[in-house]
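A.B. asks: Sharing run_14.txt (compact mmCIF, C-alpha atoms) below.
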# COMPACT_ATOMS: atom_id res chain seq x y z
CA MET A 419 0.00 0.00 0.00
CA ARG A 420 1.33 3.41 -0.90
CA ILE A 421 1.37 5.44 2.31
CA PHE A 422 1.15 9.21 2.14
CA LEU A 423 1.87 11.66 4.91
CA LEU A 424 -0.99 13.88 3.93
CA PHE A 425 -1.47 17.50 4.91
CA VAL A 426 -4.73 19.01 3.73
CA MET A 427 -5.37 22.73 3.62
CA PHE A 428 -8.60 24.31 2.45
CA MET A 429 -7.82 27.78 1.18
CA VAL A 430 -9.99 30.81 1.79
CA ALA A 431 -11.68 32.04 -1.35
CA PHE A 432 -10.59 35.49 -2.47
CA SER A 433 -14.04 36.52 -3.57
CA SER A 434 -17.62 36.04 -2.51
CA VAL A 435 -19.37 32.85 -3.45
CA SER A 436 -20.94 32.92 -6.87
CA LYS A 437 -24.39 31.52 -7.47
CA ALA A 438 -23.32 29.94 -10.78
CA GLU A 439 -20.16 27.89 -10.42
CA VAL A 440 -18.42 26.22 -13.34
CA SER A 441 -19.54 22.60 -13.58
CA ILE A 442 -20.09 19.68 -15.92
CA ASP A 443 -23.28 17.63 -15.86
CA ILE A 444 -22.24 14.06 -16.71
CA THR A 445 -25.54 12.43 -15.76
CA GLY A 446 -27.52 13.47 -18.81
CA GLY A 447 -25.44 12.07 -21.66
CA ARG A 448 -22.45 13.38 -23.56
CA ALA A 449 -21.13 16.72 -22.23
CA ALA A 450 -19.08 19.29 -24.13
CA PRO A 451 -15.48 19.31 -22.81
CA LEU A 452 -14.83 22.17 -20.40
CA PRO A 453 -11.82 24.39 -21.30
CA ILE A 454 -9.30 24.24 -18.45
CA ALA A 455 -5.83 25.75 -18.09
CA VAL A 456 -3.11 23.89 -16.16
CA PRO A 457 0.17 25.86 -16.15
CA ASP A 458 3.36 24.13 -15.01
CA PHE A 459 3.43 24.02 -11.23
CA ILE A 460 5.57 26.78 -9.70
CA SER A 461 8.94 25.62 -8.39
CA ILE A 462 12.50 26.69 -7.73
CA LYS A 463 15.18 25.73 -10.24
CA GLU A 464 15.89 22.29 -8.76
CA ASP A 465 12.22 21.31 -8.92
CA ILE A 466 11.28 22.70 -12.35
CA ALA A 467 11.16 19.27 -13.99
CA ILE A 468 8.90 17.75 -11.35
CA GLY A 469 6.61 20.80 -11.41
CA ARG A 470 6.24 20.32 -15.15
CA ASP A 471 5.70 16.56 -14.75
CA VAL A 472 2.98 16.94 -12.11
CA ALA A 473 1.09 19.39 -14.32
CA SER A 474 1.50 17.06 -17.31
CA VAL A 475 -0.03 14.10 -15.46
CA VAL A 476 -2.96 16.24 -14.28
CA MET A 477 -3.55 17.44 -17.84
CA ALA A 478 -3.34 13.92 -19.26
CA ASP A 479 -5.80 12.56 -16.68
CA LEU A 480 -8.37 15.28 -17.28
CA LYS A 481 -8.04 15.11 -21.06
CA ARG A 482 -8.40 11.32 -21.09
CA SER A 483 -11.71 11.62 -19.21
CA GLY A 484 -13.17 13.33 -22.28
CA LEU A 485 -14.79 15.96 -20.06
CA PHE A 486 -12.05 18.57 -20.22
CA ARG A 487 -10.35 20.43 -23.07
CA ILE A 488 -6.77 21.25 -22.09
CA MET A 489 -5.72 24.71 -23.22
CA GLY A 490 -2.30 25.16 -24.82
CA SER A 491 0.24 27.07 -22.75
CA LYS A 492 1.17 29.35 -25.67
CA ALA A 493 -2.14 31.13 -25.19
CA PHE A 494 -1.51 31.93 -21.52
CA LEU A 495 -1.19 35.68 -20.81
CA GLN A 496 -0.25 35.35 -17.14
CA LYS A 497 2.74 33.52 -15.70
CA PHE A 498 2.69 32.70 -12.00
CA ASP A 499 5.79 33.13 -9.85
CA SER A 500 4.01 32.51 -6.55
CA ILE A 501 1.12 30.31 -5.43
CA ASN A 502 -0.19 33.34 -3.56
CA THR A 503 -0.44 35.44 -6.73
CA ARG A 504 -4.07 36.08 -7.48
CA PRO A 505 -5.05 35.14 -11.04
CA ARG A 506 -5.74 38.03 -13.39
CA PHE A 507 -9.11 36.63 -14.37
CA ALA A 508 -9.53 38.98 -17.32
CA ASP A 509 -6.42 37.41 -18.90
CA TRP A 510 -7.90 33.92 -18.54
CA LYS A 511 -11.36 34.97 -19.69
CA VAL A 512 -10.01 36.45 -22.91
CA ILE A 513 -8.60 33.04 -23.95
CA ASN A 514 -11.93 31.40 -22.95
CA ALA A 515 -10.57 29.31 -20.07
CA GLN A 516 -13.42 28.39 -17.75
CA ALA A 517 -11.30 26.76 -15.04
CA LEU A 518 -7.70 27.21 -13.91
CA VAL A 519 -5.41 24.94 -11.88
CA GLN A 520 -2.61 26.81 -10.13
CA GLY A 521 0.06 24.76 -8.36
CA ARG A 522 3.45 24.66 -6.66
CA VAL A 523 5.96 21.90 -5.83
CA GLU A 524 8.74 22.16 -3.26
CA THR A 525 11.35 19.72 -2.01
CA LEU A 526 11.57 20.05 1.77
CA LYS A 527 14.77 19.91 3.81
CA ASP A 528 14.07 16.29 4.81
CA GLY A 529 13.80 15.28 1.13
CA ARG A 530 10.03 14.92 1.06
CA LEU A 531 7.91 16.66 -1.53
CA ARG A 532 5.22 19.24 -0.85
CA VAL A 533 2.67 19.70 -3.62
CA GLU A 534 -0.01 22.38 -3.44
CA PHE A 535 -2.77 23.34 -5.84
CA ARG A 536 -5.71 25.70 -6.19
CA LEU A 537 -8.68 25.30 -8.52
CA TRP A 538 -10.29 28.51 -9.79
CA ASP A 539 -13.59 29.25 -11.49
CA VAL A 540 -12.47 31.87 -14.00
CA PHE A 541 -15.83 33.51 -14.79
CA SER A 542 -16.94 33.86 -11.16
CA SER A 543 -13.38 34.74 -9.99
CA GLN A 544 -13.88 32.18 -7.24
CA GLN A 545 -11.57 29.60 -5.73
CA LEU A 546 -13.32 26.23 -5.75
CA LYS A 547 -10.75 24.07 -3.96
CA GLY A 548 -7.25 24.17 -2.49
CA GLN A 549 -5.11 21.45 -0.96
CA ALA A 550 -1.50 20.67 -0.12
CA TYR A 551 0.15 17.27 0.25
CA VAL A 552 3.45 16.19 1.79
CA THR A 553 4.80 12.82 0.70
CA GLU A 554 7.90 10.93 -0.38
CA SER A 555 9.36 12.39 -3.56
CA SER A 556 8.86 9.09 -5.40
CA ASN A 557 5.09 9.49 -4.95
CA TRP A 558 4.81 12.61 -7.10
CA ARG A 559 2.81 10.80 -9.79
CA SER A 560 0.31 9.50 -7.23
CA VAL A 561 -0.15 13.02 -5.87
CA ALA A 562 -0.78 14.27 -9.42
CA HIS A 563 -3.54 11.65 -9.80
CA ILE A 564 -5.04 12.70 -6.46
CA ILE A 565 -5.12 16.32 -7.66
CA SER A 566 -6.84 15.18 -10.88
CA ASP A 567 -9.43 13.35 -8.78
CA ALA A 568 -10.02 16.48 -6.69
CA VAL A 569 -10.51 18.66 -9.78
CA TYR A 570 -12.76 16.09 -11.46
CA GLU A 571 -14.93 15.69 -8.35
CA ARG A 572 -15.26 19.42 -7.68
CA ILE A 573 -16.35 20.23 -11.22
CA THR A 574 -18.45 17.16 -12.09
CA GLY A 575 -19.84 16.32 -8.66
CA GLU A 576 -18.77 12.69 -9.21
CA LYS A 577 -15.88 10.80 -7.62
CA GLY A 578 -12.69 10.63 -9.65
CA TYR A 579 -10.91 7.46 -10.76
CA PHE A 580 -7.36 8.54 -11.57
CA ASP A 581 -5.53 7.38 -8.43
CA THR A 582 -6.17 3.73 -9.25
CA ARG A 583 -4.40 0.71 -10.65
CA ILE A 584 -5.17 -1.95 -13.23
CA VAL A 585 -4.23 -5.60 -12.88
CA TYR A 586 -4.27 -7.57 -16.12
CA ILE A 587 -2.75 -10.50 -18.01
CA GLY A 588 0.33 -9.61 -20.06
CA GLU A 589 0.57 -11.85 -23.14
CA THR A 590 3.44 -12.73 -25.49
CA GLY A 591 3.98 -15.38 -28.18
CA ILE A 592 1.89 -16.71 -31.04
CA GLN A 593 -1.78 -17.32 -30.53
CA THR A 594 -1.38 -21.10 -30.22
CA ASN A 595 1.35 -20.84 -27.56
CA ARG A 596 0.77 -17.76 -25.42
CA VAL A 597 2.84 -16.93 -22.34
CA LYS A 598 0.59 -15.20 -19.81
CA ARG A 599 1.90 -13.21 -16.85
CA LEU A 600 0.12 -11.35 -14.08
CA ALA A 601 0.84 -7.62 -14.45
CA ILE A 602 -0.09 -4.39 -12.70
CA MET A 603 0.11 -0.71 -13.65
CA ASP A 604 -1.39 2.69 -12.87
CA GLN A 605 -4.66 3.39 -14.69
CA ASP A 606 -2.81 5.54 -17.22
CA GLY A 607 -0.32 2.76 -18.08
CA ALA A 608 2.57 4.10 -15.98
CA ASN A 609 4.58 2.06 -13.44
CA ASN A 610 3.94 -1.23 -15.22
CA ARG A 611 5.45 -4.34 -13.62
CA PHE A 612 4.99 -8.09 -13.91
CA LEU A 613 4.02 -10.06 -10.81
CA THR A 614 4.55 -13.58 -12.16
CA ASP A 615 7.24 -14.99 -14.45
CA GLY A 616 5.08 -16.78 -17.00
CA SER A 617 6.11 -20.29 -15.97
CA THR A 618 2.47 -21.12 -15.19
CA LEU A 619 -0.69 -20.04 -16.95
CA VAL A 620 -2.55 -17.27 -15.08
CA LEU A 621 -6.04 -15.98 -15.84
CA THR A 622 -8.69 -13.44 -14.77
CA PRO A 623 -7.17 -11.50 -11.85
CA ARG A 624 -9.45 -9.53 -9.51
CA PHE A 625 -8.72 -6.87 -6.87
CA SER A 626 -9.83 -7.12 -3.27
CA PRO A 627 -11.83 -4.14 -1.91
CA THR A 628 -8.67 -2.98 -0.06
CA SER A 629 -6.63 -2.88 -3.33
CA GLN A 630 -3.77 -4.72 -1.58
CA GLU A 631 -4.65 -8.25 -2.64
CA ILE A 632 -5.41 -9.88 -5.96
CA THR A 633 -7.17 -13.16 -6.47
CA TYR A 634 -6.40 -15.03 -9.67
CA PHE A 635 -6.76 -18.36 -11.38
CA SER A 636 -3.64 -20.40 -12.25
CA TYR A 637 -2.84 -23.83 -13.67
CA PHE A 638 -0.11 -25.73 -11.83
CA ASN A 639 0.69 -29.19 -13.24
CA ASP A 640 -2.59 -28.91 -15.16
CA VAL A 641 -4.55 -28.45 -11.91
CA PRO A 642 -6.62 -25.23 -11.59
CA ARG A 643 -5.73 -23.32 -8.44
CA VAL A 644 -6.91 -20.07 -6.90
CA TYR A 645 -4.32 -17.80 -5.29
CA LEU A 646 -4.29 -14.64 -3.23
CA PHE A 647 -1.39 -12.33 -4.09
CA ASN A 648 -0.34 -9.55 -1.73
CA ILE A 649 0.85 -6.62 -3.84
CA ASN A 650 3.00 -5.06 -1.13
CA THR A 651 4.84 -8.17 0.02
CA GLY A 652 4.70 -10.28 -3.14
CA LYS A 653 3.46 -13.18 -1.02
CA GLN A 654 1.20 -15.77 -2.65
CA GLU A 655 -1.35 -17.76 -0.69
CA LEU A 656 -3.06 -20.82 -2.10
CA LEU A 657 -6.80 -20.73 -1.50
CA GLY A 658 -7.27 -24.24 -2.83
CA ASN A 659 -7.26 -26.61 -5.77
CA PHE A 660 -10.43 -26.43 -7.85
CA PRO A 661 -10.35 -29.14 -10.54
CA GLY A 662 -13.81 -28.21 -11.79
CA MET A 663 -13.41 -24.45 -11.78
CA THR A 664 -14.94 -22.74 -14.83
CA PHE A 665 -14.59 -19.07 -13.90
CA ALA A 666 -12.18 -17.13 -11.71
CA PRO A 667 -13.31 -15.86 -8.31
CA ARG A 668 -14.46 -12.38 -7.38
CA PHE A 669 -14.34 -10.78 -3.95
CA SER A 670 -17.43 -9.78 -2.05
CA PRO A 671 -17.65 -6.01 -1.45
CA ASN A 672 -16.45 -6.43 2.16
CA GLY A 673 -13.56 -8.67 1.09
CA LYS A 674 -14.54 -11.52 3.41
CA LYS A 675 -15.82 -13.89 0.73
CA ILE A 676 -15.13 -14.90 -2.83
CA ILE A 677 -17.64 -16.20 -5.32
CA ILE A 678 -16.73 -18.81 -7.94
CA SER A 679 -18.28 -21.24 -10.40
CA MET A 680 -17.25 -24.89 -10.39
CA ALA A 681 -18.23 -28.04 -12.27
CA ASN A 682 -19.04 -31.15 -10.28
CA LYS A 683 -19.94 -34.31 -12.19
CA GLY A 684 -20.54 -32.21 -15.29
CA ASN A 685 -22.84 -29.71 -13.56
CA THR A 686 -21.51 -26.14 -13.25
CA GLU A 687 -22.87 -24.21 -10.27
CA ILE A 688 -22.02 -21.05 -8.32
CA TYR A 689 -20.36 -21.32 -4.92
CA GLU A 690 -19.36 -18.88 -2.20
CA MET A 691 -16.25 -19.29 -0.02
CA GLU A 692 -15.62 -17.61 3.33
CA LEU A 693 -11.94 -16.66 3.30
CA ALA A 694 -11.44 -16.96 7.07
CA SER A 695 -12.78 -20.50 7.38
CA ARG A 696 -12.40 -21.67 3.74
CA ARG A 697 -15.96 -22.96 4.07
CA ILE A 698 -17.74 -23.34 0.72
CA LYS A 699 -21.48 -22.88 0.21
CA ARG A 700 -23.37 -23.82 -2.94
CA LEU A 701 -25.72 -21.07 -4.17
CA THR A 702 -27.32 -22.37 -7.38
CA LYS A 703 -28.95 -25.75 -8.04
CA HIS A 704 -29.84 -26.27 -11.68
CA PRO A 705 -28.82 -28.78 -14.37
CA ALA A 706 -27.78 -25.93 -16.70
CA ILE A 707 -24.43 -24.09 -16.65
CA ASP A 708 -24.35 -21.24 -14.12
CA THR A 709 -21.14 -19.19 -14.24
CA SER A 710 -19.35 -15.78 -14.13
CA PRO A 711 -20.95 -14.46 -10.90
CA SER A 712 -20.57 -10.90 -9.60
CA TYR A 713 -21.90 -9.30 -6.39
CA SER A 714 -23.97 -6.14 -6.22
CA PRO A 715 -22.24 -3.31 -4.29
CA ASP A 716 -24.30 -4.00 -1.15
CA SER A 717 -23.82 -7.80 -1.44
CA SER A 718 -27.58 -8.35 -1.42
CA ARG A 719 -27.72 -9.73 -4.97
CA ILE A 720 -25.60 -11.63 -7.47
CA THR A 721 -25.60 -11.45 -11.24
CA PHE A 722 -24.41 -14.38 -13.37
CA ASN A 723 -24.91 -15.93 -16.77
CA SER A 724 -26.64 -19.23 -17.46
CA ASP A 725 -28.01 -21.27 -20.34
CA ARG A 726 -30.93 -22.54 -18.24
CA GLY A 727 -33.34 -20.78 -20.61
CA GLY A 728 -31.88 -22.46 -23.71
CA SER A 729 -29.22 -19.85 -24.54
CA GLN A 730 -26.56 -17.96 -22.61
CA GLN A 731 -28.28 -15.08 -20.81
CA ILE A 732 -27.84 -12.84 -17.75
CA TYR A 733 -29.65 -13.57 -14.51
CA VAL A 734 -29.93 -11.90 -11.10
CA MET A 735 -30.61 -13.65 -7.80
CA ASN A 736 -30.54 -12.88 -4.09
CA SER A 737 -27.18 -13.49 -2.41
CA ASN A 738 -28.49 -16.72 -0.82
CA GLY A 739 -29.40 -18.14 -4.24
CA SER A 740 -33.13 -17.45 -4.07
CA ASN A 741 -35.39 -15.51 -6.45
CA VAL A 742 -33.48 -16.24 -9.67
CA ARG A 743 -34.75 -14.16 -12.59
CA ARG A 744 -33.57 -13.54 -16.13
CA ILE A 745 -32.89 -9.91 -17.08
CA SER A 746 -31.45 -10.07 -20.65
CA PHE A 747 -33.93 -10.49 -23.50
CA GLY A 748 -32.14 -8.95 -26.49
CA LYS A 749 -30.94 -10.82 -29.55
CA GLY A 750 -27.77 -12.88 -29.14
CA ARG A 751 -25.92 -14.41 -26.21
CA TYR A 752 -24.74 -12.59 -23.07
CA ALA A 753 -21.75 -13.28 -20.79
CA THR A 754 -19.38 -11.90 -18.11
CA PRO A 755 -21.88 -9.68 -16.25
CA VAL A 756 -20.24 -7.27 -13.77
CA TRP A 757 -22.17 -5.07 -11.36
CA SER A 758 -21.30 -1.37 -11.33
CA PRO A 759 -19.81 0.04 -8.07
CA ARG A 760 -22.74 2.46 -8.06
CA GLY A 761 -25.27 -0.35 -8.38
CA ASP A 762 -27.11 1.29 -11.28
CA TYR A 763 -25.80 -0.82 -14.18
CA ILE A 764 -24.55 -4.28 -15.04
CA ALA A 765 -21.87 -4.41 -17.76
CA PHE A 766 -21.67 -7.46 -20.03
CA THR A 767 -20.20 -9.05 -23.13
CA LYS A 768 -22.69 -9.77 -25.92
CA MET A 769 -22.29 -12.03 -28.96
CA TYR A 770 -24.56 -11.51 -31.95
CA ASN A 771 -24.10 -12.09 -35.71
CA LYS A 772 -20.43 -13.09 -35.27
CA THR A 773 -19.64 -9.79 -33.54
CA PHE A 774 -18.78 -9.16 -29.90
CA TYR A 775 -20.07 -6.14 -27.96
CA ILE A 776 -19.47 -4.48 -24.61
CA GLY A 777 -22.73 -3.15 -23.20
CA VAL A 778 -24.61 -2.12 -20.08
CA MET A 779 -28.14 -2.54 -18.76
CA HIS A 780 -29.95 -1.72 -15.53
CA PRO A 781 -30.24 -4.53 -12.95
CA ASP A 782 -33.87 -5.08 -13.98
CA GLY A 783 -32.78 -5.58 -17.60
CA SER A 784 -34.02 -2.22 -18.90
CA GLY A 785 -31.99 0.40 -20.75
CA GLU A 786 -29.64 -1.93 -22.65
CA ARG A 787 -26.96 0.04 -24.51
CA LEU A 788 -24.02 -1.27 -26.56
CA LEU A 789 -20.85 0.80 -26.09
CA ALA A 790 -18.11 -0.97 -28.09
CA SER A 791 -17.83 -3.74 -30.68
CA GLY A 792 -15.21 -5.77 -32.50
CA TYR A 793 -13.98 -9.16 -33.65
CA LEU A 794 -13.50 -10.09 -30.00
CA VAL A 795 -14.18 -7.61 -27.20
CA GLU A 796 -14.61 -9.04 -23.74
CA ALA A 797 -14.20 -8.82 -19.96
CA PRO A 798 -15.57 -5.40 -18.95
CA THR A 799 -14.37 -3.96 -15.64
CA TRP A 800 -15.64 -0.83 -13.91
CA ALA A 801 -13.72 2.22 -12.73
CA PRO A 802 -14.52 2.78 -9.03
CA ASN A 803 -16.77 5.75 -9.84
CA GLY A 804 -18.97 3.62 -12.11
CA ARG A 805 -18.66 6.04 -15.04
CA VAL A 806 -15.89 4.39 -17.10
CA LEU A 807 -15.31 0.82 -18.30
CA MET A 808 -12.17 -0.99 -19.39
CA PHE A 809 -12.12 -4.15 -21.54
CA PHE A 810 -9.83 -5.96 -23.94
CA GLN A 811 -10.08 -6.24 -27.69
CA GLN A 812 -8.44 -8.98 -29.74
CA THR A 813 -7.78 -8.99 -33.47
CA LYS A 814 -7.88 -12.10 -35.63
CA ALA A 815 -4.78 -14.26 -36.13
CA ASP A 816 -3.68 -15.60 -39.50
CA SER A 817 -3.69 -19.28 -40.41
CA ASP A 818 -0.32 -19.75 -38.65
CA GLY A 819 -1.58 -18.29 -35.41
CA LYS A 820 0.34 -15.04 -35.96
CA GLY A 821 -0.68 -11.41 -36.37
CA ALA A 822 -3.28 -11.32 -33.60
CA THR A 823 -3.10 -8.53 -31.03
CA SER A 824 -4.84 -8.09 -27.70
CA LYS A 825 -5.09 -4.60 -26.21
CA LEU A 826 -6.86 -2.85 -23.37
CA TYR A 827 -9.38 -0.07 -24.02
CA SER A 828 -11.38 2.31 -21.86
CA ILE A 829 -14.72 3.88 -22.72
CA ASP A 830 -17.24 5.96 -20.81
CA LEU A 831 -20.90 5.22 -20.22
CA THR A 832 -21.98 7.40 -23.12
CA GLY A 833 -20.18 5.09 -25.56
CA TYR A 834 -17.83 7.92 -26.52
CA ASN A 835 -14.25 8.68 -25.57
CA GLU A 836 -12.75 5.27 -26.34
CA HIS A 837 -9.00 5.05 -25.68
CA VAL A 838 -6.38 2.35 -26.03
CA VAL A 839 -4.39 1.81 -22.83
CA ILE A 840 -0.72 1.37 -23.68
CA THR A 841 0.95 -1.75 -22.25
CA PRO A 842 4.44 -3.18 -22.95
CA THR A 843 2.98 -6.47 -24.23
CA ASP A 844 -0.39 -7.65 -25.44
CA ALA A 845 -2.94 -7.51 -22.65
CA SER A 846 -6.24 -9.09 -21.62
CA ASP A 847 -8.56 -9.62 -18.63
CA PRO A 848 -8.23 -6.21 -16.94
CA ALA A 849 -9.53 -5.48 -13.45
CA TRP A 850 -9.81 -1.98 -11.99
CA SER A 851 -8.79 -1.27 -8.39
CA PRO A 852 -10.72 0.84 -5.91
CA ILE A 853 -9.44 4.38 -5.26
CA LEU A 854 -6.04 4.18 -3.55
CA HIS A 855 -6.10 7.32 -1.43
Re-express the file's structure as structure tokens.

C.D. replies:
Amino acid sequence: MRIFLLFVMFMVAFSSVSKAEVSIDITGGRAAPLPIAVPDFISIKEDIAIGRDVASVVMADLKRSGLFRIMGSKAFLQKFDSINTRPRFADWKVINAQALVQGRVETLKDGRLRVEFRLWDVFSSQQLKGQAYVTESSNWRSVAHIISDAVYERITGEKGYFDTRIVYIGETGIQTNRVKRLAIMDQDGANNRFLTDGSTLVLTPRFSPTSQEITYFSYFNDVPRVYLFNINTGKQELLGNFPGMTFAPRFSPNGKKIIISMANKGNTEIYEMELASRRIKRLTKHPAIDTSPSYSPDSSRITFNSDRGGSQQIYVMNSNGSNVRRISFGKGRYATPVWSPRGDYIAFTKMYNKTFYIGVMHPDGSGERLLASGYLVEAPTWAPNGRVLMFFQQTKADSDGKGATSKLYSIDLTGYNEHVVITPTDASDPAWSPILH
């Protein structure tokens, strides 16, 4: 766990509160990007590079959200030499900036880094937020993400998602002989590292609610096993051998249980395991295949897919296995349902007319929308604010098993703002962490 020594300071606004603050409404569909200026953070000579880097990460985060238009520095009429310098709002209005981020970085005598920022509403001449952080100098990128989250939340009214990580499967080799390694990175692709060496096949990693543990599925001597991996210590813990496992486990929202699907005598059902006791409880009882379960945010319900109705569809049931009901009724087959952290949507993979789709629907099955499509798109995972999804997309291999690629993509709930997430190798099966700070 990354530990910050955090000092928070709420600045006093320099002007009276305005009745009409700058904001973005992201609940009603696609919003026009808000013009925002982020000058390099003020610093002394020794810290100029880090001041520029912090501002660059903030700009990249906000731009990638699709909700902000980053203004070019060549248009700036005012240059700050002190964090206490009041913005000349007329200079920022004339270039049509609606919001301004003013910041400073300073290396303290003990080697730690102090990063401070202020967020301004240009048209009301009002300070919206101000904070300062003290942390180890190596954590500058994390602080930049925290600042991005603060700006995003203050202007949109929604929680940010920038100070997060992604765990995924890094893939190399031809399609018929893939080497798959467990990998982790920041949500923007930075700080990538591999957690396993590729000597065993690993699949479908999932974060715990604390972000410090990952559960994943691995084959050892052709026996499926489920492991817990502690990110801080690198320690692996075997949860058990599961010869009939058909889908990797997911944590319950409180982190005390995992839910899995296993085949016993040819019948695939959903089971729940208490991590403390390792006690397993069967939740579904049906001759059809029940698999890919996911808890609702309050743990009261579970979504899964099943072919009990004749084709692969999405179902919802109570957490004790009762009151099973089908919620998908569109054309095609549905798989990999994942409940949003907000509880308002279930994301899924859909297969129809030889095309794969990533889509969402409400937990009652209404409001189905398809957000992305391709030869093979699969495995949606939610950002912790429930407004952005990540998934992987695979291209088709040639007859020799070569030429295929597998990459990670993010997209927002509107179906716009799709971005490829850069990884050092091919990538699949992403899982998004909770907020780290």

A.B. asks: State, in Å with one decimal place, the distance from atom CA of A:Thr618 to atom CA of A:Met603.

C.D. replies: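 Value for the atom CA of A:Thr618-atom CA of A:Met603 distance: 20.6 Å.
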
A.B. asks: How many Å separate atom CA of A:Leu794 from atom CA of A:Pro642?

C.D. replies: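 Between these atoms lies a distance of 24.8 Å.
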
A.B. asks: What separation in Å, quoted to one decimal, exists between atom CA of A:Ser636 and atom CA of A:Ile649?

C.D. replies: 16.8 Å

A.B. asks: May I have the protein, DNA and RNA residues with an atom at most 9 Å from (-26.5, -19.6, 1.8), counting all atoms listed in the file in the file's coordinates, returned as a PyMOL selection string?

C.D. replies: chain A and resi 690+699-701+737-739

A.B. asks: With all atoms listed in the file as the atoms that count, which of A:Ser556, A:Thr709, A:Gln545, A:Asn514 lies nearest to A:Leu531?

C.D. replies: A:Ser556

A.B. asks: Point out the residue among A:Ser695, A:Thr651, A:Ser617, A:Thr574 with the least atom-to-atom distance to A:Asn639, counting only C-alpha atoms.

C.D. replies: A:Ser617

A.B. asks: Would you list the contacts of A:Glu692 as a PyMOL selection string, taking every protein, DNA or RNA residue within 7 Å and counting only C-alpha atoms, but skipping same-chain residues closer than 3 positions in sequence?

C.D. replies: chain A and resi 674-676+695-698

A.B. asks: Hey, can you spit out that residue selection with C-alpha atoms as a CSV table (one decimal), in the frame of the given file?

C.D. replies:
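Final file, out-v4.csv:
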chain,number,residue,atom,x,y,z
A,674,LYS,CA,-14.5,-11.5,3.4
A,675,LYS,CA,-15.8,-13.9,0.7
A,676,ILE,CA,-15.1,-14.9,-2.8
A,695,SER,CA,-12.8,-20.5,7.4
A,696,ARG,CA,-12.4,-21.7,3.7
A,697,ARG,CA,-16.0,-23.0,4.1
A,698,ILE,CA,-17.7,-23.3,0.7

A.B. asks: With only C-alpha atoms as the counted atoms, please give the residues lying no more than 8 Å from A:Thr633, apart from itself and same-chain residues fewer than 2 positions off, as a PyMOL selection string.

C.D. replies: chain A and resi 623-626+631+635+644-647+667-669

A.B. asks: Pick the closest to A:Lys492 from A:Ile745, A:Ile513, A:Ile442, A:Leu657: which is it, counting all atoms listed in the file?

C.D. replies: A:Ile513

A.B. asks: So which residues touch A:Thr594 within 10 Å, counting all atoms listed in the file, skipping near sequence neighbours fewer than 2 positions away, as a PyMOL selection string?

C.D. replies: chain A and resi 591-592+596-597+815+818-820

A.B. asks: Pick from A:Arg470, A:Thr754, A:Pro705, A:Asp847: nearest to A:Tyr634, with only C-alpha atoms counted?

C.D. replies: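 Smallest distance to A:Tyr634 is found for A:Asp847.
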
A.B. asks: Skipping near chain neighbours, those fewer than 5 positions away, what residues fall within 9 Å of A:Asp615 using only C-alpha atoms, listed as a PyMOL selection string?

C.D. replies: chain A and resi 598-600

A.B. asks: Could you check which of A:Met735, A:Val440, A:Val475, A:Val778 is closest to A:Gln605, using all atoms listed in the file?

C.D. replies: A:Val475

A.B. asks: As a list of chain:residue names, please: the residues near A:Val806 (cut-off 10 Å, all atoms listed in the file, same-chain neighbours under 3 positions excluded).

C.D. replies: A:Ser483, A:Tyr579, A:Ser758, A:Pro798, A:Thr799, A:Trp800, A:Ala801, A:Pro802, A:Asn803, A:Ser828, A:Ile829, A:Asp830, A:Leu831, A:Thr832, A:Gly833, A:Asn835, A:Glu836

A.B. asks: Choose the residue, out of A:Ile776, A:Ile565, A:Ile488, A:Val519, that has the smallest atom-to-atom separation from A:Ala550; count all atoms listed in the file.

C.D. replies: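 Nearest candidate to A:Ala550 out of A:Ile776, A:Ile565, A:Ile488, A:Val519: A:Ile565.
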